[in-house]
>>> print(open('input23.cif').read())   # mmCIF, C-alpha atoms
data_query
#
loop_
_atom_site.label_atom_id
_atom_site.label_comp_id
_atom_site.auth_asym_id
_atom_site.auth_seq_id
_atom_site.Cartn_x
_atom_site.Cartn_y
_atom_site.Cartn_z
CA MET A 1 -23.08 169.06 -133.94
CA THR A 2 -24.69 172.47 -133.40
CA GLU A 3 -27.20 173.97 -135.78
CA GLY A 4 -24.67 176.57 -136.95
CA VAL A 5 -21.96 174.03 -137.80
CA ALA A 6 -24.51 171.82 -139.55
CA SER A 7 -25.64 174.71 -141.72
CA VAL A 8 -21.98 175.51 -142.58
CA PHE A 9 -21.47 171.91 -143.73
CA ARG A 10 -24.71 172.02 -145.67
CA ARG A 11 -23.55 175.14 -147.48
CA MET A 12 -20.16 173.53 -148.08
CA VAL A 13 -21.93 170.76 -149.95
CA TRP A 14 -23.39 173.37 -152.30
CA VAL A 15 -19.94 174.81 -152.95
CA ALA A 16 -18.55 171.30 -153.47
CA LEU A 17 -21.32 170.54 -155.96
CA ALA A 18 -20.43 173.71 -157.83
CA VAL A 19 -17.02 172.18 -158.72
CA PRO A 20 -18.26 169.42 -161.07
CA PHE A 21 -21.02 171.74 -162.27
CA GLN A 22 -18.37 174.32 -163.18
CA ILE A 23 -16.21 171.72 -164.94
CA LEU A 24 -19.06 170.11 -166.86
CA ILE A 25 -21.50 172.95 -167.56
CA GLY A 26 -19.23 176.02 -167.49
CA PRO A 27 -17.54 175.41 -170.86
CA LYS A 28 -20.91 174.81 -172.51
CA LEU A 29 -22.14 178.26 -171.45
CA ALA A 30 -19.04 180.05 -172.75
CA ILE A 31 -19.66 183.11 -174.91
CA LEU A 32 -16.73 184.03 -177.17
CA GLY A 33 -14.57 181.81 -175.00
CA PHE A 34 -15.52 183.56 -171.74
CA GLN A 35 -17.26 181.30 -169.28
CA PRO A 36 -19.03 182.19 -166.05
CA SER A 37 -17.78 180.84 -162.74
CA PHE A 38 -20.60 179.24 -160.78
CA LEU A 39 -17.97 178.13 -158.32
CA LEU A 40 -16.82 181.67 -157.49
CA ALA A 41 -20.41 182.91 -157.30
CA LEU A 42 -21.35 180.24 -154.77
CA PHE A 43 -18.04 180.46 -152.95
CA VAL A 44 -18.32 184.24 -152.43
CA LEU A 45 -21.90 183.79 -151.17
CA PHE A 46 -20.66 181.03 -148.87
CA SER A 47 -17.96 183.31 -147.43
CA ILE A 48 -20.40 186.17 -146.97
CA ARG A 49 -22.76 183.89 -145.08
CA ASN A 50 -20.18 182.01 -143.01
CA GLY A 51 -17.32 184.43 -142.46
CA SER A 52 -13.59 184.50 -143.17
CA PHE A 53 -12.50 181.42 -141.28
CA ALA A 54 -14.85 179.06 -143.10
CA GLY A 55 -14.14 180.92 -146.36
CA ILE A 56 -10.37 180.50 -146.01
CA TRP A 57 -10.46 176.77 -145.36
CA VAL A 58 -13.17 175.93 -147.87
CA GLY A 59 -11.22 178.00 -150.42
CA PHE A 60 -8.10 176.07 -149.48
CA ALA A 61 -9.85 172.73 -149.94
CA ILE A 62 -11.33 173.64 -153.32
CA GLY A 63 -8.06 175.22 -154.42
CA LEU A 64 -6.28 172.02 -153.48
CA VAL A 65 -8.59 170.03 -155.76
CA PHE A 66 -7.93 172.38 -158.67
CA ASP A 67 -4.18 172.49 -158.00
CA VAL A 68 -3.98 168.70 -158.02
CA TYR A 69 -6.12 168.15 -161.10
CA GLN A 70 -5.41 171.24 -163.22
CA GLN A 71 -2.26 171.90 -165.17
CA GLY A 72 -0.12 174.85 -164.11
CA VAL A 73 1.74 175.96 -161.04
CA PRO A 74 0.37 174.18 -157.96
CA GLY A 75 -0.55 176.49 -155.10
CA ALA A 76 -2.05 179.17 -157.34
CA TYR A 77 -5.65 178.10 -156.83
CA VAL A 78 -5.11 177.44 -153.12
CA LEU A 79 -3.79 180.94 -152.57
CA ALA A 80 -6.32 182.69 -154.82
CA LEU A 81 -9.39 180.97 -153.35
CA ALA A 82 -8.21 181.16 -149.74
CA VAL A 83 -7.50 184.90 -150.03
CA LEU A 84 -10.83 185.43 -151.82
CA GLY A 85 -12.63 183.54 -149.04
CA TRP A 86 -10.81 185.61 -146.45
CA ILE A 87 -11.64 188.95 -148.08
CA ALA A 88 -15.25 188.02 -148.90
CA GLY A 89 -15.61 186.85 -145.29
CA PHE A 90 -15.02 190.43 -144.15
CA PHE A 91 -18.61 191.01 -145.25
CA ASP A 92 -19.93 188.24 -143.02
CA GLU A 93 -23.66 188.80 -142.91
CA LYS A 94 -23.73 188.06 -139.19
CA HIS A 95 -21.70 191.21 -138.58
CA VAL A 96 -22.25 193.50 -141.53
CA HIS A 97 -25.20 194.03 -143.79
CA THR A 98 -24.52 194.02 -147.54
CA GLU A 99 -27.19 194.82 -150.08
CA TYR A 100 -27.92 192.57 -153.02
CA SER A 101 -26.13 194.86 -155.49
CA THR A 102 -23.12 195.15 -153.15
CA ARG A 103 -22.81 191.38 -153.06
CA VAL A 104 -22.80 191.23 -156.84
CA LEU A 105 -20.12 193.95 -156.87
CA ILE A 106 -18.08 192.01 -154.28
CA LEU A 107 -18.36 188.97 -156.54
CA GLY A 108 -17.04 190.94 -159.55
CA LEU A 109 -14.13 192.38 -157.61
CA GLY A 110 -13.51 188.97 -156.06
CA CYS A 111 -13.23 187.44 -159.53
CA LEU A 112 -10.62 190.04 -160.50
CA LEU A 113 -8.71 189.45 -157.26
CA HIS A 114 -8.83 185.69 -157.72
CA ASP A 115 -7.61 185.95 -161.31
CA SER A 116 -4.85 188.42 -160.38
CA LEU A 117 -3.49 186.14 -157.67
CA TRP A 118 -3.72 183.11 -159.90
CA PHE A 119 -1.94 185.01 -162.69
CA LEU A 120 0.87 186.25 -160.45
CA MET A 121 1.37 182.82 -158.85
CA GLY A 122 1.77 181.36 -162.31
CA HIS A 123 5.18 183.03 -162.76
CA HIS A 124 3.76 185.62 -165.18
CA GLN A 125 5.16 189.12 -165.47
CA PHE A 126 3.55 191.78 -163.30
CA GLN A 127 3.41 194.25 -166.21
CA ASP A 128 1.19 191.81 -168.12
CA LEU A 129 -1.40 191.80 -165.35
CA PRO A 130 -3.48 194.83 -166.51
CA SER A 131 -3.72 193.40 -170.03
CA PHE A 132 -4.72 190.01 -168.62
CA LEU A 133 -7.33 191.57 -166.38
CA LEU A 134 -8.81 193.69 -169.16
CA ARG A 135 -8.79 191.14 -171.95
CA ILE A 136 -9.53 187.91 -170.15
CA SER A 137 -10.53 188.39 -166.56
CA ALA A 138 -12.94 191.35 -166.81
CA PRO A 139 -15.32 189.79 -169.38
CA SER A 140 -15.46 186.56 -167.39
CA ALA A 141 -15.99 188.53 -164.20
CA LEU A 142 -18.84 190.41 -165.85
CA TYR A 143 -20.42 187.14 -166.96
CA THR A 144 -19.91 185.69 -163.48
CA MET A 145 -21.59 188.78 -161.97
CA MET A 146 -24.62 188.16 -164.18
CA VAL A 147 -24.78 184.52 -163.11
CA GLY A 148 -24.14 185.56 -159.50
CA ALA A 149 -26.94 188.12 -159.68
CA ALA A 150 -29.32 185.33 -160.64
CA ILE A 151 -28.04 183.03 -157.89
CA TYR A 152 -28.03 185.73 -155.22
CA ALA A 153 -31.59 186.68 -156.11
CA LEU A 154 -32.62 183.20 -154.95
CA ARG A 155 -31.28 183.98 -151.48
CA PRO A 156 -31.62 187.75 -150.87
CA PRO A 157 -29.71 189.35 -147.95
CA VAL A 158 -31.41 189.26 -144.56
CA ARG A 159 -31.41 192.62 -142.81
CA ARG A 160 -29.67 192.31 -139.42
CA GLU A 161 -28.56 194.72 -136.74
CA ARG A 162 -24.88 195.62 -137.00
CA ARG A 163 -22.83 194.39 -134.06
CA TRP A 164 -19.52 196.09 -134.70
CA MET B 165 -12.15 205.99 -140.50
CA LEU B 166 -14.90 203.76 -139.18
CA ILE B 167 -14.59 201.42 -142.19
CA LEU B 168 -10.82 201.29 -141.77
CA ARG B 169 -11.21 200.27 -138.15
CA TRP B 170 -13.73 197.59 -139.09
CA LEU B 171 -11.48 196.21 -141.81
CA LEU B 172 -8.49 196.17 -139.46
CA SER B 173 -10.42 194.48 -136.67
CA THR B 174 -11.80 191.86 -139.08
CA ALA B 175 -8.49 191.16 -140.76
CA THR B 176 -6.56 190.78 -137.57
CA ARG B 177 -8.78 188.25 -135.87
CA GLY B 178 -6.51 185.53 -134.57
CA LYS B 179 -7.53 182.29 -136.23
CA GLU B 180 -8.22 183.87 -139.60
CA ILE B 181 -4.86 185.61 -139.79
CA VAL B 182 -3.01 182.48 -138.69
CA SER B 183 -4.92 180.42 -141.26
CA ILE B 184 -4.24 182.79 -144.10
CA PHE B 185 -0.55 183.00 -143.23
CA LEU B 186 -0.30 179.25 -143.14
CA ILE B 187 -2.03 178.89 -146.48
CA VAL B 188 -0.04 181.65 -148.18
CA GLY B 189 3.17 180.08 -146.90
CA PHE B 190 2.12 176.66 -148.12
CA ALA B 191 1.04 177.99 -151.54
CA VAL B 192 4.23 179.99 -152.07
CA TRP B 193 6.38 177.04 -150.98
CA LEU B 194 4.51 174.73 -153.36
CA ALA B 195 4.69 177.17 -156.25
CA ARG B 196 8.43 177.72 -155.80
CA SER B 197 9.36 174.09 -155.26
CA PRO B 198 10.98 172.13 -158.14
CA VAL B 199 8.74 170.57 -160.76
CA ALA B 200 9.67 167.05 -159.66
CA LEU B 201 8.51 167.83 -156.14
CA GLN B 202 5.31 169.40 -157.46
CA ASN B 203 4.61 166.27 -159.49
CA SER B 204 5.29 163.94 -156.60
CA TRP B 205 3.07 166.12 -154.39
CA ARG B 206 0.29 165.77 -156.97
CA MET B 207 0.81 162.00 -157.09
CA ALA B 208 0.78 161.76 -153.31
CA MET B 209 -2.40 163.80 -153.09
CA THR B 210 -4.23 161.75 -155.70
CA GLY B 211 -3.14 158.53 -153.99
CA THR B 212 -4.12 159.55 -150.46
CA VAL B 213 -6.33 162.53 -149.66
CA PHE B 214 -8.03 162.67 -153.04
CA TYR B 215 -8.20 158.93 -153.57
CA PRO B 216 -12.02 158.81 -153.22
CA ILE B 217 -12.32 161.81 -155.57
CA GLN B 218 -9.83 160.14 -157.89
CA VAL B 219 -11.96 156.99 -157.97
CA VAL B 220 -15.11 158.99 -158.70
CA VAL B 221 -13.36 161.12 -161.34
CA ASP B 222 -11.87 157.98 -162.94
CA GLN B 223 -15.28 156.32 -163.01
CA VAL B 224 -16.91 159.41 -164.50
CA HIS B 225 -14.07 159.71 -167.00
CA PHE B 226 -14.31 156.03 -167.84
CA ARG B 227 -18.06 156.16 -168.31
CA MET B 228 -17.91 159.34 -170.33
CA SER B 229 -15.18 157.96 -172.57
CA LEU B 230 -17.15 154.72 -172.84
CA LYS B 231 -20.23 156.69 -173.85
CA GLU B 232 -18.22 158.66 -176.37
CA GLN B 233 -16.67 155.43 -177.66
CA ILE B 234 -20.11 153.82 -177.98
CA ARG B 235 -21.42 156.85 -179.86
CA ARG B 236 -18.39 156.78 -182.20
CA LEU B 237 -18.70 153.01 -182.70
CA GLN B 238 -22.41 153.34 -183.41
CA SER B 239 -21.70 155.96 -186.01
CA GLU B 240 -18.92 153.83 -187.55
CA ASN B 241 -21.17 150.78 -187.39
CA ALA B 242 -23.91 152.63 -189.26
CA ILE B 243 -21.42 153.53 -192.00
CA LEU B 244 -20.10 149.97 -192.13
CA LEU B 245 -23.63 148.55 -192.25
CA ALA B 246 -24.46 150.86 -195.15
CA ASP B 247 -21.22 149.84 -196.92
CA ASN B 248 -21.95 146.21 -196.20
CA ALA B 249 -25.49 146.52 -197.56
CA ALA B 250 -24.18 148.19 -200.72
CA LEU B 251 -21.46 145.55 -201.18
CA SER B 252 -23.90 142.73 -200.47
CA ALA B 253 -26.32 144.17 -203.00
CA ALA B 254 -23.51 144.41 -205.54
CA ALA B 255 -22.38 140.85 -204.80
CA ARG B 256 -25.97 139.60 -205.02
CA SER B 257 -26.46 141.42 -208.30
CA LYS B 258 -23.24 139.97 -209.66
CA ALA B 259 -24.15 136.44 -208.57
CA GLN B 260 -27.62 136.86 -209.99
CA TRP B 261 -26.23 138.19 -213.25
CA GLN B 262 -23.85 135.24 -213.52
CA ASN B 263 -26.79 132.93 -212.88
CA LEU B 264 -28.75 134.73 -215.56
CA LYS B 265 -25.87 134.41 -218.02
CA ARG B 266 -25.60 130.73 -217.22
CA THR B 267 -29.34 130.31 -217.75
CA ALA B 268 -29.23 132.33 -220.95
CA SER B 269 -26.13 130.69 -222.39
CA PRO B 270 -27.99 127.99 -224.38
CA MET B 271 -30.15 130.67 -226.01
CA PRO B 272 -29.19 131.90 -229.43
CA TRP B 273 -30.02 135.51 -228.42
CA LYS B 274 -28.14 138.05 -226.34
CA VAL B 275 -29.50 138.99 -222.92
CA VAL B 276 -29.07 142.28 -221.08
CA PRO B 277 -29.32 142.74 -217.32
CA ALA B 278 -31.81 145.19 -215.87
CA ARG B 279 -32.82 146.24 -212.39
CA VAL B 280 -36.41 146.76 -211.37
CA VAL B 281 -36.39 150.43 -210.36
CA SER B 282 -40.07 151.02 -209.81
CA ARG B 283 -43.06 148.91 -208.97
CA ASN B 284 -46.20 149.13 -206.95
CA PRO B 285 -45.21 147.83 -203.53
CA LEU B 286 -48.81 147.01 -202.64
CA ARG B 287 -49.93 145.16 -205.70
CA LEU B 288 -48.39 142.02 -207.15
CA GLY B 289 -49.27 142.53 -210.80
CA GLY B 290 -49.10 145.66 -212.88
CA ILE B 291 -46.40 147.45 -214.82
CA TRP B 292 -42.87 147.68 -213.44
CA VAL B 293 -40.07 149.92 -214.64
CA VAL B 294 -36.63 148.48 -215.38
CA ASP B 295 -33.44 150.45 -215.98
CA ALA B 296 -32.65 149.18 -219.48
CA GLY B 297 -34.08 150.70 -222.63
CA SER B 298 -33.59 151.05 -226.32
CA ALA B 299 -29.98 152.21 -225.73
CA GLN B 300 -29.31 148.68 -224.49
CA GLY B 301 -31.27 147.13 -227.32
CA VAL B 302 -34.47 146.50 -225.39
CA GLN B 303 -37.65 146.66 -227.48
CA GLU B 304 -41.32 146.05 -227.03
CA GLY B 305 -42.30 142.40 -226.70
CA MET B 306 -39.04 141.08 -225.30
CA ALA B 307 -39.18 138.53 -222.49
CA ALA B 308 -37.76 139.11 -219.02
CA PHE B 309 -36.70 136.30 -216.75
CA THR B 310 -34.57 135.36 -213.78
CA PRO B 311 -32.66 132.11 -213.22
CA ARG B 312 -35.75 130.85 -211.38
CA GLY B 313 -38.21 131.59 -214.12
CA VAL B 314 -40.18 133.91 -216.35
CA VAL B 315 -40.97 137.35 -214.93
CA GLY B 316 -42.85 139.17 -217.69
CA ARG B 317 -42.46 141.00 -220.97
CA ILE B 318 -41.49 144.47 -222.15
CA LEU B 319 -44.47 146.62 -223.04
CA ALA B 320 -42.70 149.81 -224.07
CA SER B 321 -39.12 151.03 -224.03
CA GLY B 322 -37.58 154.45 -223.55
CA THR B 323 -33.91 155.27 -224.05
CA HIS B 324 -32.76 153.96 -220.69
CA HIS B 325 -35.96 152.69 -219.10
CA SER B 326 -38.61 150.20 -220.10
CA ASP B 327 -42.06 149.22 -218.88
CA LEU B 328 -42.20 145.59 -217.90
CA GLN B 329 -45.54 143.80 -217.72
CA SER B 330 -45.39 141.29 -214.90
CA ILE B 331 -46.58 137.75 -215.51
CA VAL B 332 -49.07 138.39 -212.69
CA ASP B 333 -50.69 141.23 -214.63
CA PRO B 334 -54.24 140.25 -215.70
CA ASP B 335 -53.41 141.27 -219.28
CA CYS B 336 -50.38 138.99 -219.58
CA ARG B 337 -50.75 135.45 -220.89
CA ILE B 338 -48.09 132.89 -221.56
CA SER B 339 -48.39 129.57 -223.31
CA VAL B 340 -46.76 126.72 -221.44
CA LEU B 341 -46.01 123.05 -221.69
CA SER B 342 -46.03 120.39 -219.04
CA THR B 343 -42.49 119.00 -218.84
CA ARG B 344 -43.94 115.57 -218.08
CA SER B 345 -46.62 115.16 -220.71
CA ARG B 346 -45.62 118.01 -223.09
CA ASN B 347 -49.31 119.01 -223.11
CA PRO B 348 -49.96 122.72 -223.49
CA GLY B 349 -51.92 125.28 -221.54
CA ILE B 350 -52.14 129.01 -220.94
CA VAL B 351 -50.95 130.65 -217.74
CA TYR B 352 -52.68 133.88 -216.69
CA SER B 353 -53.77 135.81 -213.66
CA PRO B 354 -57.46 136.67 -213.42
CA ASP B 355 -57.05 139.27 -210.65
CA GLY B 356 -53.39 140.21 -210.39
CA ALA B 357 -52.89 137.86 -207.44
CA ARG B 358 -53.73 134.23 -208.27
CA ILE B 359 -52.00 132.44 -211.14
CA LEU B 360 -54.07 129.93 -213.07
CA LEU B 361 -53.44 127.48 -215.87
CA GLU B 362 -56.16 126.97 -218.44
CA PHE B 363 -55.92 123.71 -220.32
CA SER B 364 -58.06 121.42 -222.39
CA ALA B 365 -60.13 118.76 -220.67
CA THR B 366 -58.30 116.22 -222.79
CA SER B 367 -54.82 117.48 -221.84
CA ASP B 368 -52.75 115.39 -219.52
CA ILE B 369 -51.97 117.90 -216.77
CA LEU B 370 -51.62 116.67 -213.19
CA VAL B 371 -50.82 118.19 -209.83
CA GLY B 372 -47.04 118.49 -209.45
CA ASP B 373 -46.35 119.00 -213.14
CA SER B 374 -43.66 121.54 -213.93
CA LEU B 375 -44.49 124.08 -216.60
CA VAL B 376 -42.08 125.71 -219.03
CA SER B 377 -42.71 128.31 -221.69
CA TRP B 378 -43.85 126.83 -224.95
CA GLY B 379 -42.47 129.47 -227.27
CA ALA B 380 -45.73 129.97 -229.12
CA GLY B 381 -46.67 133.61 -229.65
CA GLY B 382 -43.17 134.73 -230.43
CA ILE B 383 -42.42 136.50 -227.16
CA PHE B 384 -41.18 134.00 -224.59
CA PRO B 385 -38.41 131.66 -225.75
CA LYS B 386 -39.19 127.99 -225.43
CA GLY B 387 -38.14 126.15 -222.28
CA LEU B 388 -38.03 128.91 -219.66
CA PRO B 389 -39.33 127.64 -216.31
CA VAL B 390 -42.67 129.12 -215.33
CA GLY B 391 -44.25 127.28 -212.41
CA ARG B 392 -45.70 124.17 -210.88
CA VAL B 393 -49.26 122.89 -210.80
CA VAL B 394 -50.44 122.84 -207.19
CA ALA B 395 -54.14 122.04 -207.60
CA ILE B 396 -56.67 121.26 -210.26
CA VAL B 397 -59.79 123.39 -209.86
CA LYS B 398 -62.96 121.41 -210.17
CA SER B 399 -65.37 123.08 -212.56
CA PRO B 400 -68.60 122.05 -214.30
CA ALA B 401 -67.16 123.01 -217.69
CA LYS B 402 -66.19 119.94 -219.67
CA VAL B 403 -64.13 121.59 -222.37
CA VAL B 404 -61.64 123.76 -220.54
CA ARG B 405 -60.16 123.02 -217.14
CA THR B 406 -58.28 125.23 -214.70
CA ALA B 407 -55.37 124.57 -212.35
CA MET B 408 -53.74 126.62 -209.63
CA ILE B 409 -50.08 127.45 -210.34
CA GLU B 410 -47.21 128.31 -208.06
CA LEU B 411 -44.67 130.40 -209.96
CA PHE B 412 -41.04 129.33 -209.71
CA GLN B 413 -40.01 132.98 -209.46
CA ASP B 414 -41.87 134.72 -206.65
CA PRO B 415 -42.83 138.08 -208.22
CA TRP B 416 -42.42 139.86 -204.87
CA LYS B 417 -38.74 138.95 -204.76
CA VAL B 418 -37.71 140.10 -208.21
CA GLU B 419 -34.91 142.69 -208.08
CA ASP B 420 -32.84 142.02 -211.20
CA VAL B 421 -33.98 140.51 -214.46
CA ALA B 422 -32.45 139.50 -217.75
CA ILE B 423 -34.11 140.65 -220.93
CA VAL B 424 -33.80 138.45 -223.98
CA LEU B 425 -32.92 140.61 -226.98
CA LYS B 426 -35.22 138.65 -229.21
CA PRO B 427 -37.65 140.68 -231.28
CA ILE B 428 -41.20 139.38 -231.62
CA SER B 429 -41.27 136.69 -234.22
CA TYR B 430 -44.43 134.93 -235.28
CA ALA B 431 -42.44 132.36 -237.17
CA VAL B 432 -42.53 128.85 -235.82
CA ASP B 433 -39.88 128.37 -233.21
CA THR B 434 -37.08 126.44 -234.92
CA SER B 435 -36.30 124.58 -231.75
CA THR B 436 -39.79 123.04 -231.91
CA VAL B 437 -39.41 120.24 -234.42
CA LEU B 438 -42.77 118.92 -235.55
CA GLU B 439 -43.08 115.45 -236.86
CA PRO B 440 -44.00 115.39 -240.57
CA ILE B 441 -47.53 114.08 -241.22
CA THR B 442 -47.13 110.91 -243.19
CA ARG B 443 -49.69 108.73 -244.96
CA PRO B 444 -49.77 106.00 -242.26
CA ILE B 445 -50.54 108.64 -239.65
CA LEU B 446 -53.40 110.03 -241.74
CA ASP B 447 -54.73 106.55 -242.23
CA SER B 448 -54.54 105.74 -238.59
CA LEU B 449 -56.40 108.98 -237.81
CA ALA B 450 -59.08 107.97 -240.37
CA GLY B 451 -59.25 104.46 -238.90
CA ARG B 452 -58.10 102.82 -242.10
CA ARG B 453 -55.31 100.38 -242.69
CA ALA B 454 -52.66 101.19 -245.26
CA PRO B 455 -52.74 99.11 -248.40
#
>>> encode(input="input23.cif", output="structure tokens")
Amino acid sequence: MTEGVASVFRRMVWVALAVPFQILIGPKLAILGFQPSFLLALFVLFSIRNGSFAGIWVGFAIGLVFDVYQQGVPGAYVLALAVLGWIAGFFDEKHVHTEYSTRVLILGLGCLLHDSLWFLMGHHQFQDLPSFLLRISAPSALYTMMVGAAIYALRPPVRRERRW
Amino acid sequence: MLILRWLLSTATRGKEIVSIFLIVGFAVWLARSPVALQNSWRMAMTGTVFYPIQVVVDQVHFRMSLKEQIRRLQSENAILLADNAALSAAARSKAQWQNLKRTASPMPWKVVPARVVSRNPLRLGGIWVVDAGSAQGVQEGMAAFTPRGVVGRILASGTHHSDLQSIVDPDCRISVLSTRSRNPGIVYSPDGARILLEFSATSDILVGDSLVSWGAGGIFPKGLPVGRVVAIVKSPAKVVRTAMIELFQDPWKVEDVAIVLKPISYAVDTSTVLEPITRPILDSLAGRRAP
């Protein structure tokens, strides 16, 4: 196993650990019913560090876990997390440099994208999406950005030469 | 334009685009499939791919529910223990009261129950407070006892509370009789801890004798058990002798008492029948023979 693959698996462990952490700790940190998503914060960072391919399949695996164990339409989490991993992987740090604040912004937008896909996969009406995003998704995304800002500060972006 | 080119080149990389198409297709198929198929898919996943996760989740669930159950049971147990203690106390009180009534039944006076509500937990003697007062008919000088024996006497009474002077108080004295020889003595405590019996050098008091109240003094009714002689103290005095007493009722264990509603009476106890002094007796005392 090469060093690169080993580091990908090591980072996957962090994302995997975020799942029980999210389930157990997330609800306890809820403010007015809005809870932060440690999972999305770590998952977006994972995709930024490892690229789209790893992001897609790790998102698929985590989505599968949520689809199996959560109530609702199965496939919603798989699609939402895989697409989020794919999009966040566009900003792969090996190819493109993203500042700390940009990463936090990507996380916020990623949360909205994830929630939109999950909402639409759940057989909801498209016209209800803006209301859902404003009332439910945006506050959680804001909270997640704050948590993400703290997490991302622990591992600031490394400046690299662009290769594209 | 540059950004658009970068996005296009990134999005259209072979393995990523194939992966995302596969996953989107799978997700849409799963979401649109019938509920029965979705459920069986979930079952199949939990039984195969996610079996290790399922085991871990089940264990965590089991332990968490066990912990929650233990916490709930502990809380219920605490409530039940408190209830049990209250019921046991009530049952004990009732049994004790029935014992007291049985003990008091031969007495010609009424008795009222009372609970010791205050006492010095560090000192044996002293003044205790009981929860019966003048409203219940309790007055100064009335005797308090338990089925085991004498406890003390009422010093003062309020409306619903009274001060009870324990038999172990250095200021409390009680005249007693030996049940064997019917010889008298006085029980007292010199220091609020030891209980002594003072008796005449000519009295027939031996170790093991049981002592009951004599009735002299008008406070304690005659015949209430008091204690047992455990040792005779050797002393140079020839007139008065002292014995160590073990009380029948351990003063530390007194919780409920019965108070005899008998006012102080200095009249001779009617239950004590004295033999009339006749001429032959006088003569025998004087050493003379009757004509």
>>> resolve_selection(input="input23.cif", expression="the PyMOL selection byres ((chain B) within 7 of (chain A))", output="ChimeraX atom specification")
/B:174,180,184,187-188,191-192,194-195,202,206
>>> closest_atom_pairs(input="input23.cif", of="stretch 20-64 of chain A", to="stretch 136-150 of chain A", cutoff="12 Å", atoms="only C-alpha atoms", output="JSON lines")
{"residue": "A:Gln22", "atom": "CA", "partner": "A:Thr144", "partner_atom": "CA", "distance": 11.5}
{"residue": "A:Gly26", "atom": "CA", "partner": "A:Thr144", "partner_atom": "CA", "distance": 10.5}
{"residue": "A:Pro27", "atom": "CA", "partner": "A:Ser140", "partner_atom": "CA", "distance": 11.9}
{"residue": "A:Leu29", "atom": "CA", "partner": "A:Tyr143", "partner_atom": "CA", "distance": 10.1}
{"residue": "A:Ala30", "atom": "CA", "partner": "A:Ser140", "partner_atom": "CA", "distance": 9.2}
{"residue": "A:Ile31", "atom": "CA", "partner": "A:Tyr143", "partner_atom": "CA", "distance": 8.9}
{"residue": "A:Leu32", "atom": "CA", "partner": "A:Pro139", "partner_atom": "CA", "distance": 9.8}
{"residue": "A:Gly33", "atom": "CA", "partner": "A:Ser140", "partner_atom": "CA", "distance": 9.0}
{"residue": "A:Phe34", "atom": "CA", "partner": "A:Ser140", "partner_atom": "CA", "distance": 5.3}
{"residue": "A:Gln35", "atom": "CA", "partner": "A:Ser140", "partner_atom": "CA", "distance": 5.9}
{"residue": "A:Pro36", "atom": "CA", "partner": "A:Thr144", "partner_atom": "CA", "distance": 4.4}
{"residue": "A:Ser37", "atom": "CA", "partner": "A:Thr144", "partner_atom": "CA", "distance": 5.3}
{"residue": "A:Phe38", "atom": "CA", "partner": "A:Thr144", "partner_atom": "CA", "distance": 7.0}
{"residue": "A:Leu39", "atom": "CA", "partner": "A:Thr144", "partner_atom": "CA", "distance": 9.4}
{"residue": "A:Leu40", "atom": "CA", "partner": "A:Thr144", "partner_atom": "CA", "distance": 7.8}
{"residue": "A:Ala41", "atom": "CA", "partner": "A:Gly148", "partner_atom": "CA", "distance": 5.1}
{"residue": "A:Leu42", "atom": "CA", "partner": "A:Gly148", "partner_atom": "CA", "distance": 7.6}
{"residue": "A:Phe43", "atom": "CA", "partner": "A:Gly148", "partner_atom": "CA", "distance": 10.3}
{"residue": "A:Val44", "atom": "CA", "partner": "A:Gly148", "partner_atom": "CA", "distance": 9.3}
{"residue": "A:Leu45", "atom": "CA", "partner": "A:Gly148", "partner_atom": "CA", "distance": 8.8}
>>> atom_distance(input="input23.cif", atom1="atom CA of B:His325", atom2="atom CA of B:Val275")
15.6 Å
>>> closest_residue(input="input23.cif", among="A:Leu109, A:Leu17, A:Ala61, A:Ile48", to="A:Pro157", atoms="only C-alpha atoms")
A:Ile48
>>> atom_distance(input="input23.cif", atom1="atom CA of A:Trp14", atom2="atom CA of B:Glu232")
28.7 Å
>>> residues_around(input="input23.cif", residues="B:Val424", least_positions_apart="3", cutoff="7 Å", atoms="all atoms listed in the file", output="ChimeraX atom specification")
/B:273-276,306-308
>>> atom_distance(input="input23.cif", atom1="atom CA of B:Val390", atom2="atom CA of B:Ser353")
13.1 Å
>>> closest_residue(input="input23.cif", among="A:Ser116, A:His124, A:Ala16, A:Gly108", to="A:Ile62", atoms="only C-alpha atoms")
A:Ala16
>>> residues_around(input="input23.cif", residues="stretch 415-419 of chain B", least_positions_apart="5", cutoff="8 Å", atoms="all atoms listed in the file", output="PyMOL selection string")
chain B and resi 279-280+288+310+315+330+332
>>> residues_near_point(input="input23.cif", point="(-39.8, 141.5, -230.2)", cutoff="12 Å", atoms="all atoms listed in the file", output="list in words")
Trp273, Gly301, Val302, Gln303, Glu304, Gly305, Met306, Ala307, Ala308, Arg317, Ile318, Leu319, Ala320, Ser321, Gly381, Gly382, Ile383, Phe384, Pro385, Ile423, Val424, Leu425, Lys426, Pro427, Ile428, Ser429, Tyr430 and Ala431 of chain B
>>> residues_around(input="input23.cif", residues="stretch 359-362 of chain B", least_positions_apart="6", cutoff="12 Å", atoms="only C-alpha atoms", output="MDAnalysis selection string")
chainID B and resid 288:289 330:334 336:342 347:353 369:371 373:376 390:397 399 401 403:412 414:415
>>> axis_aligned_box(input="input23.cif", around="stretch 267-272 of chain B", padding_each_side="8 Å", output="JSON")
{"center_x": -28.1, "center_y": 130.2, "center_z": -223.6, "size_x": 20.0, "size_y": 20.3, "size_z": 27.7}
>>> closest_residue(input="input23.cif", among="A:Lys28, A:Arg155, A:His97, A:His114", to="A:Gly59", atoms="all atoms listed in the file")
A:His114
>>> closest_residue(input="input23.cif", among="A:Phe21, A:Lys94, A:Asp115, A:Thr102", to="A:Leu81", atoms="all atoms listed in the file")
A:Asp115
